[in-house]
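Asks: Attaching a single structure in structure tokens format; questions to follow.
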Protein chains: 2
Amino acid sequence: MPVLNNISQLATCPPDEPQQDAGLIENAALVWTDGLIRWAGPHTDIPAEYRDEPVIDCGQRLVIPGLVDCHTHLCFGGWRGDEFELRLRGASYQEIARAGGGIASTVAATRAASLDELRHKAESILDEMLVLGITTVECKSGYGLDEANELKQLEVYRLLNHSHAIDLVPTFLGAHIVPPEYEKHRDRYISLLCDTLIPEIARRSLAKFCDAFVETGAYSVAEAHHILGVAISHGLGVKVHADQLSDGGGAELAAELGAVSAEHLEYISDAGIEAMAASDTVAVSLPLASLYLAAPYMPARKMMDRGVAVAVATDFNPGSSPSYHLPLAMTLACVHQGMTPQEALKAATSVAAKAVSLDKQIGALLPGYAADLAIIDSPDLNHWLYHFRPNACTAVMKNGLWVYGGL
Amino acid sequence: MPVLNNISQLATCPPDEPQQDAGLIENAALVWTDGLIRWAGPHTDIPAEYRDEPVIDCGQRLVIPGLVDCHTHLCFGGWRGDEFELRLRGASYQEIARAGGGIASTVAATRAASLDELRHKAESILDEMLVLGITTVECKSGYGLDEANELKQLEVYRLLNHSHAIDLVPTFLGAHIVPPEYEKHRDRYISLLCDTLIPEIARRSLAKFCDAFVETGAYSVAEAHHILGVAISHGLGVKVHADQLSDGGGAELAAELGAVSAEHLEYISDAGIEAMAASDTVAVSLPLASLYLAAPYMPARKMMDRGVAVAVATDFNPGSSPSYHLPLAMTLACVHQGMTPQEALKAATSVAAKAVSLDKQIGALLPGYAADLAIIDSPDLNHWLYHFRPNACTAVMKNGLWVYGGL
């Protein structure tokens, strides 16, 4: 039962305390065994029973729970770097889409890629996420948009969940956009989702959640209500891409359906905020997407002040957020959204954990929680999120085992 | 005379071409010897004389000139992470300064630190800059603000310039703020700068440039004109911290004095832009400072369109820009300032080189230039600056020698 000692600051991230309280303990120690945290507290309080256990010296560094990236589009074919330049030269998202770019081009590249190609590509990205301190990743389909290719993406996630140290939480996002070949028959595509894909995915446990993109040009509130209702009836949890480009009532829909989360919310209305505050639905903010699109940020400060739990995730995808640097997203949440470092850390640990609602307890360093943690080469949380380095994480533990670095 | 071959894209960054032309060559090769580039071009055009030379395979990666960070405050004591939290909680920069924080607290910490402490700290930061692909760093004094401590900072730079692979370009910034003990006698401090420090620093070649912070609360245009005039008379080049928090006429002063660069310029006026455009003075944009201060960005697009050469640098310092991630600054310059990836790369290579004006030729991969280069694990420039990773640089060459990674 090893003891991790000489921790300059430990962030326990208690989920039952307000978001501004990351449970910081100076000069701390931590005990784990069998993949679970046993004890955490000031090093002077180590219980007598652990005092003769082997000690690992943390070297006066910060220790945090393993980070949870609760919104990514991990698996896709191709990239869209040249669109980045086109947008900088003034082309609009719509113009690029009309020229064959945008989500449709990623759909084409994802369909053209083999399962093995997609798996290798996603695996190398997970390797880089892990060394940033990320130990759990939600990952959406939604670039296949037909039966074979949506299942192919979810199959990639199933395989990687078995083989990679990071835990994956798969989400079915068949309702991402309406694929080009169904443009004039959207009802038929929605039938494919509701009558074929959702039942099969639920039966084979290929996804834990079903998500829908509620937006002009994607799905209406009524369509999403129908699709997500079918998902619920098949035992899936639900998520909603809501109010990203305009206030479309997505937040209210998420609250009404008891969704585990509503994501984006850059244009959430006051009514949407009230609906979220009255629900258990987590608001997932995606500041990197705002950065890349030079778009507004979710009004996270206002929402937290009204009692909404706010998570922060990367939205990693090849179009609007081609970075998986979750610590950068956290620093942006501080600078652009008025979150304190403690709020931003909880947003990427215990609050994000609520947005993926696993059976096991993750996102906090409290007795009974998974021993998922990251050691950060920084004296404290404020310093870490302020002194933005390429990567300050020096070691990662997953289920009690060192999976990167180590001491 | 080794040949670097199988380069997916080579950015030669020719200084005599417009900023939008980074001299991109697909499927390129490059030849160097004795620390200098000999030849660069399409691999099909390798001259016969090099065809039997040893070949190093670049593995279809991007190759760029070593990056030049032309504005940093590299050497300082302490950090100010807790001020970051205070500002997020609503405290103003002025309130923090009144409570003993701000630049004055860094001055106190820098004075309290020994030369060896400062040297070790700055050295470990240079190590991390190098692996990002940075091979030349301008570095300012300005946290000593008395004779012994300004010289101490410049001495740190002199030692590191001898011992570290990165070339340092030291700048004397005694005119950063007026130190607290001279608050009521600012003339005496300016006399110390002009009559004692500038002559001594010039005589001992401890700095290449003299810089002054023209701003309400720092130095007036008239004071800076006097100080920088003295520096010029002693053979130093000059730089100006200008128009950062308000339009104070700093850009016009820089142009009038023939300064090598004017830096910040977030609030530059149209008259300032015209003055810069009619001069050879480089505008140095510092997007990370805008990010951290949630402040406006320099209007780089407008300035480039009027013919101003715009460099991008980090402004690394413990207050307003506690990150030295120059590639992040370049991505921000694209997203927030409308620079294309080619313009942003030239901003951190050949244009930045003009802002440090070394005797040797750096910042481009053309015959006769220093063989300073970085290998980027990315197929092309657009992809690199769009797919922001913790660090995509896999190898760095300085004066023809591999100083990180290698092939």
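All residue names refer to the structure tokens as shown: chains lettered A, B, ... in order, residues numbered from 1 in each chain, ligands numbered from 1 in order.
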Compute the set of chain B residues within 7 Å of chain A, using only C-alpha atoms, and express it as a PyMOL selection string.
Replies: chain B and resi 81-82+84-85+88+292+294+322-323+325+334-336+338-341+382-383+386-391
Asks: Using DSSP secondary structure from the backbone, list all helix (DSSP H, G or I) positions within range 68-234 of chain B, as number ranges by chain.
Replies: B: 81-88, 93-98, 103-112, 115-130, 147-163, 180-182, 186-203, 221-233
Asks: Could you list, as a ChimeraX atom specification, every residue within 9 Å of Val230 in chain A, counting only C-alpha atoms and ignoring same-chain residues fewer than 5 positions away?
Replies: /A:194-195,198-199,225,235-236
Asks: DSSP on the backbone, strand (DSSP E) only: what residues of range 43-105 of chain B does that give? Format it as a PyMOL selection string.
Replies: chain B and resi 55-65+67-69
Asks: Kindly save the residues from that selection, with N, CA, C and O atoms included, as an mmCIF file, in the first residue's frame.
Replies:
data_model
loop_
_atom_site.group_PDB
_atom_site.id
_atom_site.type_symbol
_atom_site.label_atom_id
_atom_site.label_comp_id
_atom_site.auth_asym_id
_atom_site.auth_seq_id
_atom_site.Cartn_x
_atom_site.Cartn_y
_atom_site.Cartn_z
ATOM 1 N N VAL B 55 23.079 11.231 -47.002
ATOM 2 C CA VAL B 55 21.707 11.744 -46.981
ATOM 3 C C VAL B 55 21.057 11.436 -45.638
ATOM 4 O O VAL B 55 21.167 10.329 -45.113
ATOM 5 N N ILE B 56 20.404 12.441 -45.061
ATOM 6 C CA ILE B 56 19.611 12.258 -43.846
ATOM 7 C C ILE B 56 18.148 12.370 -44.243
ATOM 8 O O ILE B 56 17.746 13.344 -44.882
ATOM 9 N N ASP B 57 17.372 11.362 -43.886
ATOM 10 C CA ASP B 57 15.965 11.305 -44.297
ATOM 11 C C ASP B 57 15.091 12.026 -43.278
ATOM 12 O O ASP B 57 15.068 11.670 -42.102
ATOM 13 N N CYS B 58 14.384 13.029 -43.731
ATOM 14 C CA CYS B 58 13.567 13.846 -42.831
ATOM 15 C C CYS B 58 12.195 13.213 -42.575
ATOM 16 O O CYS B 58 11.420 13.715 -41.754
ATOM 17 N N GLY B 59 11.877 12.135 -43.272
ATOM 18 C CA GLY B 59 10.638 11.414 -42.977
ATOM 19 C C GLY B 59 9.384 12.175 -43.337
ATOM 20 O O GLY B 59 8.377 12.072 -42.619
ATOM 21 N N GLN B 60 9.428 12.938 -44.419
ATOM 22 C CA GLN B 60 8.234 13.678 -44.867
ATOM 23 C C GLN B 60 7.705 14.591 -43.761
ATOM 24 O O GLN B 60 6.537 14.531 -43.355
ATOM 25 N N ARG B 61 8.587 15.434 -43.259
ATOM 26 C CA ARG B 61 8.176 16.418 -42.249
ATOM 27 C C ARG B 61 8.444 17.829 -42.762
ATOM 28 O O ARG B 61 9.177 18.032 -43.726
ATOM 29 N N LEU B 62 7.868 18.778 -42.058
ATOM 30 C CA LEU B 62 8.071 20.204 -42.329
ATOM 31 C C LEU B 62 9.412 20.658 -41.746
ATOM 32 O O LEU B 62 9.751 20.284 -40.620
ATOM 33 N N VAL B 63 10.152 21.470 -42.496
ATOM 34 C CA VAL B 63 11.385 22.067 -41.977
ATOM 35 C C VAL B 63 11.275 23.588 -42.068
ATOM 36 O O VAL B 63 10.896 24.137 -43.118
ATOM 37 N N ILE B 64 11.573 24.237 -40.961
ATOM 38 C CA ILE B 64 11.484 25.702 -40.872
ATOM 39 C C ILE B 64 12.800 26.260 -40.339
ATOM 40 O O ILE B 64 13.569 25.532 -39.711
ATOM 41 N N PRO B 65 13.061 27.550 -40.570
ATOM 42 C CA PRO B 65 14.236 28.153 -39.911
ATOM 43 C C PRO B 65 14.058 28.098 -38.387
ATOM 44 O O PRO B 65 12.927 28.109 -37.886
ATOM 45 N N LEU B 67 13.361 29.247 -34.869
ATOM 46 C CA LEU B 67 12.518 30.389 -34.519
ATOM 47 C C LEU B 67 13.311 31.430 -33.729
ATOM 48 O O LEU B 67 14.219 31.098 -32.970
ATOM 49 N N VAL B 68 12.926 32.680 -33.913
ATOM 50 C CA VAL B 68 13.581 33.807 -33.236
ATOM 51 C C VAL B 68 12.536 34.459 -32.330
ATOM 52 O O VAL B 68 11.543 35.013 -32.813
ATOM 53 N N ASP B 69 12.713 34.337 -31.006
ATOM 54 C CA ASP B 69 11.805 35.022 -30.082
ATOM 55 C C ASP B 69 12.425 36.389 -29.791
ATOM 56 O O ASP B 69 13.344 36.508 -28.986
#
Asks: Near Arg158 in chain B, within 9 Å and counting only C-alpha atoms, which residues show up once chain neighbours fewer than 5 positions away are dropped, as a VMD selection string?
Replies: chain B and resid 153 163 168 170 206 to 207
Asks: Leaving out Thr196 in chain B and any residue of its chain fewer than 4 positions from it, which residues lie within 12 Å of it when counting only C-alpha atoms, given as a PyMOL selection string?
Replies: chain B and resi 146-148+150-151+174+188-192+200-203+227+230-231+234
Asks: Please write the residues from the selection above to a file, keeping C-alpha atoms, as an mmCIF file, in the first residue's frame.
Replies:
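And here is the file that came out, again_27.cif:
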data_model
loop_
_atom_site.group_PDB
_atom_site.id
_atom_site.type_symbol
_atom_site.label_atom_id
_atom_site.label_comp_id
_atom_site.auth_asym_id
_atom_site.auth_seq_id
_atom_site.Cartn_x
_atom_site.Cartn_y
_atom_site.Cartn_z
ATOM 1 C CA ASP B 146 19.521 49.789 -9.892
ATOM 2 C CA GLU B 147 23.110 49.607 -10.979
ATOM 3 C CA ALA B 148 24.090 46.308 -9.379
ATOM 4 C CA GLU B 150 20.594 45.643 -13.894
ATOM 5 C CA LEU B 151 24.205 44.577 -14.436
ATOM 6 C CA GLY B 174 16.574 50.109 -17.230
ATOM 7 C CA ARG B 188 17.834 61.162 -10.545
ATOM 8 C CA TYR B 189 16.962 57.694 -11.813
ATOM 9 C CA ILE B 190 17.061 58.904 -15.415
ATOM 10 C CA SER B 191 20.479 60.412 -14.695
ATOM 11 C CA LEU B 192 21.625 57.051 -13.320
ATOM 12 C CA GLU B 200 29.081 51.284 -18.741
ATOM 13 C CA ILE B 201 26.864 48.769 -20.542
ATOM 14 C CA ALA B 202 27.966 50.076 -23.935
ATOM 15 C CA ARG B 203 31.637 50.062 -22.943
ATOM 16 C CA ILE B 227 17.292 58.145 -22.740
ATOM 17 C CA VAL B 230 21.946 58.808 -25.095
ATOM 18 C CA ALA B 231 21.947 55.094 -25.934
ATOM 19 C CA HIS B 234 26.936 55.317 -27.145
#
Asks: Using only C-alpha atoms, determine which residues lie at most 10 Å from Pro18 in chain B, disregarding the query and same-chain residues fewer than 4 positions distant; provide the list as number ranges by chain.
Replies: B: 13-14, 22-23, 304, 307, 309, 343, 346
